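Presented below is the structure to which this report refers.
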Amino acid sequence: MTERRGSAFEKLTRYKSKPNESDSSSSEDVGQVILTTDDSEIQAQVLGDGRVDVKLSEKALKLTKKWEKRAHLAFPLGENLTRNNRNYETSFQSVLGKYQGIPKLNIAIHIVGSRGDVQPFVSIGQILTQPPYGHRVRICTHPVFKDFVEENGLEFFSIGGDPATLMAYMVKNPGLMPGRESWKAGDVGKRRADIAEILQGTWRSCVEPGNGMGGERKCPNIEKSTEGADRLFIADAIIANPPSYGHIHCAEKLGIPLHMMFTYVVLL
């Protein structure tokens with residue numbers, strides 16, 4: 001940690017202790033950090049299950065409360081911020097009321113990445129399928145996530161690609177240009193083929209019935225009022241994360257809106 005002269009961090013020291021080998025439980029301390037500033041002390045123990053147990057001395061606790069009080073004066077947080085925004089709720093709800101009863105849309109959500117990339121979009125899709133919206137949402141991503149998507153009550157379409165292969169390439173080539181070893185090993189050619197499959201898959205997900213895997217897809221949010229009609233899908237809008245690449249081209253070709261976002265969750 002960088003020292004800051006003239007502050008409480010000027011005399012900062014850090015200690016690390018070895019793991020406690022005598023305790024084999026899941027809550028075993030695997031590391032300890034002690035931060036001291038004058039008479040105050042902060043201890044942090046990393047447990048075997050990934051949690052961190054933080055303990056503050058009396059002086060550190062008082063100092064923390066003092067900092068929180070100053071922060072609230074400069075930046076209103078929590079209840080203060082919520083209370084201030086309630087003044088505008090009436091006008092906000094009146095604006096929303098003008099858009100009630102909008103037609104149901106076919107929304108294709110394109111996602112390339114790991115489960116941490118897919119999971120937030122599943123939550124978004126679930127909200128969009130529920131009242132008062134009632135849209136039809138199709139999660140278009142890698143085939144490995146088919147069961148995960150359908151278990152959460154959403155329609156799935158495979159755009160191809162393997163997230164493990166994509167992540168391995170990114171780790172091996174963190175920069176803008178691939179390394180010499182990747183060229184020699186054929187990684188660049190394999191990457192091009194994977195992206196070509198994904199580009200084609202994003203277009204197919206906007207205009208084709210089924211699940212993109214040659215089998216019948218599950219679509220629990222569609223009433224089968226007309227025989228065969230539930231199998232058809234033409235996207236009215238696209239939501240996508242940037243690495244899915246084909247999003248903007250599909251939206252331009254179909255003349256439909258595109259909303260891009262980059263969100264993910266960290267799985268612990």
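Letters A, B, ... mark the chains of the structure tokens in the order given; residue numbers begin at 1 per chain; ligand numbers begin at 1, in order shown.
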What lies within 12 Å of A:Ala196 using only C-alpha atoms, ignoring chain neighbours under 2 positions off, as a ChimeraX atom specification? /A:159-161,189-194,198-203,244-246
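Near A:Arg115, within 12 Å and counting only C-alpha atoms, sit Ile111, Val112, Gly113, Asp117, Val118, Gln119, Pro120, Phe121, Val122, Thr141, His142, Pro143, Val144, Phe145, Lys146, Asp147, Phe148, Val149, Asp162, Pro163, Ala164, Met167, Thr263, Tyr264, Val265, Val266 and Leu267 of chain A; same-chain residues fewer than 2 positions away were not included.
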Could you write out the selected residues, including N, CA and C atoms, as a JSON list (two decimals), in the first residue's frame?
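Below you can see part-v8.json, which holds the result:
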```
[["chain", "number", "residue", "atom", "x", "y", "z"],
["A", 111, "ILE", "N", -25.11, -13.36, -26.64],
["A", 111, "ILE", "CA", -24.09, -13.36, -25.59],
["A", 111, "ILE", "C", -22.95, -14.29, -25.97],
["A", 112, "VAL", "N", -21.73, -13.76, -25.95],
["A", 112, "VAL", "CA", -20.52, -14.56, -26.11],
["A", 112, "VAL", "C", -19.69, -14.38, -24.84],
["A", 113, "GLY", "N", -19.28, -15.48, -24.23],
["A", 113, "GLY", "CA", -18.48, -15.39, -23.01],
["A", 113, "GLY", "C", -18.74, -16.57, -22.10],
["A", 117, "ASP", "N", -21.00, -14.07, -17.96],
["A", 117, "ASP", "CA", -21.57, -13.14, -18.95],
["A", 117, "ASP", "C", -23.03, -13.47, -19.23],
["A", 118, "VAL", "N", -23.37, -14.76, -19.22],
["A", 118, "VAL", "CA", -24.72, -15.19, -19.58],
["A", 118, "VAL", "C", -25.72, -14.93, -18.47],
["A", 119, "GLN", "N", -25.32, -15.17, -17.23],
["A", 119, "GLN", "CA", -26.27, -15.15, -16.12],
["A", 119, "GLN", "C", -27.02, -13.82, -15.94],
["A", 120, "PRO", "N", -26.37, -12.65, -16.03],
["A", 120, "PRO", "CA", -27.14, -11.41, -15.89],
["A", 120, "PRO", "C", -28.21, -11.23, -16.97],
["A", 121, "PHE", "N", -27.93, -11.71, -18.18],
["A", 121, "PHE", "CA", -28.90, -11.58, -19.27],
["A", 121, "PHE", "C", -30.09, -12.52, -19.07],
["A", 122, "VAL", "N", -29.87, -13.63, -18.39],
["A", 122, "VAL", "CA", -30.98, -14.52, -18.07],
["A", 122, "VAL", "C", -31.96, -13.80, -17.15],
["A", 141, "THR", "N", -26.71, -18.00, -27.34],
["A", 141, "THR", "CA", -25.36, -18.11, -26.80],
["A", 141, "THR", "C", -24.78, -19.49, -27.12],
["A", 142, "HIS", "N", -23.72, -19.87, -26.42],
["A", 142, "HIS", "CA", -23.02, -21.12, -26.70],
["A", 142, "HIS", "C", -23.87, -22.33, -26.29],
["A", 143, "PRO", "N", -23.72, -23.44, -27.01],
["A", 143, "PRO", "CA", -24.54, -24.63, -26.71],
["A", 143, "PRO", "C", -24.34, -25.20, -25.31],
["A", 144, "VAL", "N", -23.19, -24.94, -24.70],
["A", 144, "VAL", "CA", -22.92, -25.47, -23.37],
["A", 144, "VAL", "C", -23.88, -24.89, -22.33],
["A", 145, "PHE", "N", -24.52, -23.75, -22.62],
["A", 145, "PHE", "CA", -25.42, -23.11, -21.68],
["A", 145, "PHE", "C", -26.89, -23.41, -21.96],
["A", 146, "LYS", "N", -27.15, -24.36, -22.83],
["A", 146, "LYS", "CA", -28.54, -24.69, -23.21],
["A", 146, "LYS", "C", -29.38, -25.08, -21.99],
["A", 147, "ASP", "N", -28.91, -26.02, -21.20],
["A", 147, "ASP", "CA", -29.68, -26.48, -20.04],
["A", 147, "ASP", "C", -29.88, -25.35, -19.03],
["A", 148, "PHE", "N", -28.84, -24.55, -18.82],
["A", 148, "PHE", "CA", -28.93, -23.46, -17.85],
["A", 148, "PHE", "C", -30.01, -22.45, -18.25],
["A", 149, "VAL", "N", -30.07, -22.13, -19.54],
["A", 149, "VAL", "CA", -31.06, -21.16, -20.02],
["A", 149, "VAL", "C", -32.46, -21.72, -19.91],
["A", 162, "ASP", "N", -17.23, -22.25, -28.33],
["A", 162, "ASP", "CA", -16.95, -22.89, -27.04],
["A", 162, "ASP", "C", -16.31, -21.84, -26.13],
["A", 163, "PRO", "N", -16.96, -21.48, -25.01],
["A", 163, "PRO", "CA", -16.40, -20.44, -24.15],
["A", 163, "PRO", "C", -15.03, -20.79, -23.59],
["A", 164, "ALA", "N", -14.77, -22.09, -23.33],
["A", 164, "ALA", "CA", -13.47, -22.49, -22.80],
["A", 164, "ALA", "C", -12.36, -22.19, -23.81],
["A", 167, "MET", "N", -11.85, -18.32, -24.04],
["A", 167, "MET", "CA", -11.13, -17.79, -22.88],
["A", 167, "MET", "C", -9.65, -18.18, -22.91],
["A", 263, "THR", "N", -22.11, -6.55, -19.07],
["A", 263, "THR", "CA", -22.31, -6.82, -17.65],
["A", 263, "THR", "C", -21.95, -8.27, -17.38],
["A", 264, "TYR", "N", -21.51, -8.53, -16.16],
["A", 264, "TYR", "CA", -21.15, -9.89, -15.79],
["A", 264, "TYR", "C", -21.21, -10.03, -14.29],
["A", 265, "VAL", "N", -21.19, -11.26, -13.81],
["A", 265, "VAL", "CA", -21.15, -11.53, -12.39],
["A", 265, "VAL", "C", -19.91, -12.36, -12.10],
["A", 266, "VAL", "N", -19.40, -12.22, -10.90],
["A", 266, "VAL", "CA", -18.26, -13.02, -10.47],
["A", 266, "VAL", "C", -18.79, -14.19, -9.67],
["A", 267, "LEU", "N", -18.52, -15.40, -10.12],
["A", 267, "LEU", "CA", -18.99, -16.61, -9.44],
["A", 267, "LEU", "C", -17.97, -17.04, -8.42]]
```
Name the residues of stretch 35-209 of chain A that fall into strand (DSSP E) according to DSSP on the backbone, using the chain letters and numbers of this document, as an NGL selection string. :A and (35-37 or 40-47 or 52-56 or 106-110 or 136-141 or 155-158)
With DSSP run on the backbone, what are the alpha helix (DSSP H) residues within stretch 87-267 of chain A? I'd like them as a PyMOL selection string. chain A and resi 89-97+115-129+146-151+163-172+180-185+187-207+247-254
Residues near A:Ile107, cut-off 10 Å, only C-alpha atoms, skip fewer than 2 positions along chain, as a short mmCIF file (atom, residue, chain, number, x, y, z; two decimals) with C-alpha atoms, in the first residue's frame:
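And here's result-v1.cif as it stands now:
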```cif
data_model
loop_
_atom_site.label_atom_id
_atom_site.label_comp_id
_atom_site.auth_asym_id
_atom_site.auth_seq_id
_atom_site.Cartn_x
_atom_site.Cartn_y
_atom_site.Cartn_z
CA LYS A 104 -45.16 -7.86 -27.62
CA LEU A 105 -41.73 -8.11 -29.25
CA ILE A 109 -30.21 -11.58 -26.72
CA HIS A 110 -26.74 -12.34 -28.11
CA GLY A 125 -34.80 -12.00 -20.06
CA LEU A 128 -38.94 -8.99 -20.06
CA THR A 129 -41.10 -12.10 -20.40
CA HIS A 135 -42.14 -10.13 -24.66
CA ARG A 136 -40.77 -13.29 -26.23
CA VAL A 137 -37.08 -13.54 -25.34
CA ARG A 138 -34.56 -15.83 -27.00
CA ILE A 139 -31.17 -16.27 -25.31
CA CYS A 206 -32.67 -13.65 -35.52
CA PHE A 233 -39.06 -16.24 -34.89
CA ILE A 234 -38.13 -12.93 -36.49
CA ALA A 235 -36.30 -10.57 -34.14
CA ASP A 236 -37.91 -7.18 -33.46
CA ALA A 237 -35.01 -6.02 -31.27
CA ILE A 238 -31.55 -7.19 -30.25
CA ILE A 239 -29.80 -6.98 -26.89
CA LEU A 258 -29.88 -2.70 -30.92
#
```
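A straight line drawn from atom CA of A:Val46 to atom CA of A:Lys59 is 22.5 Å long.
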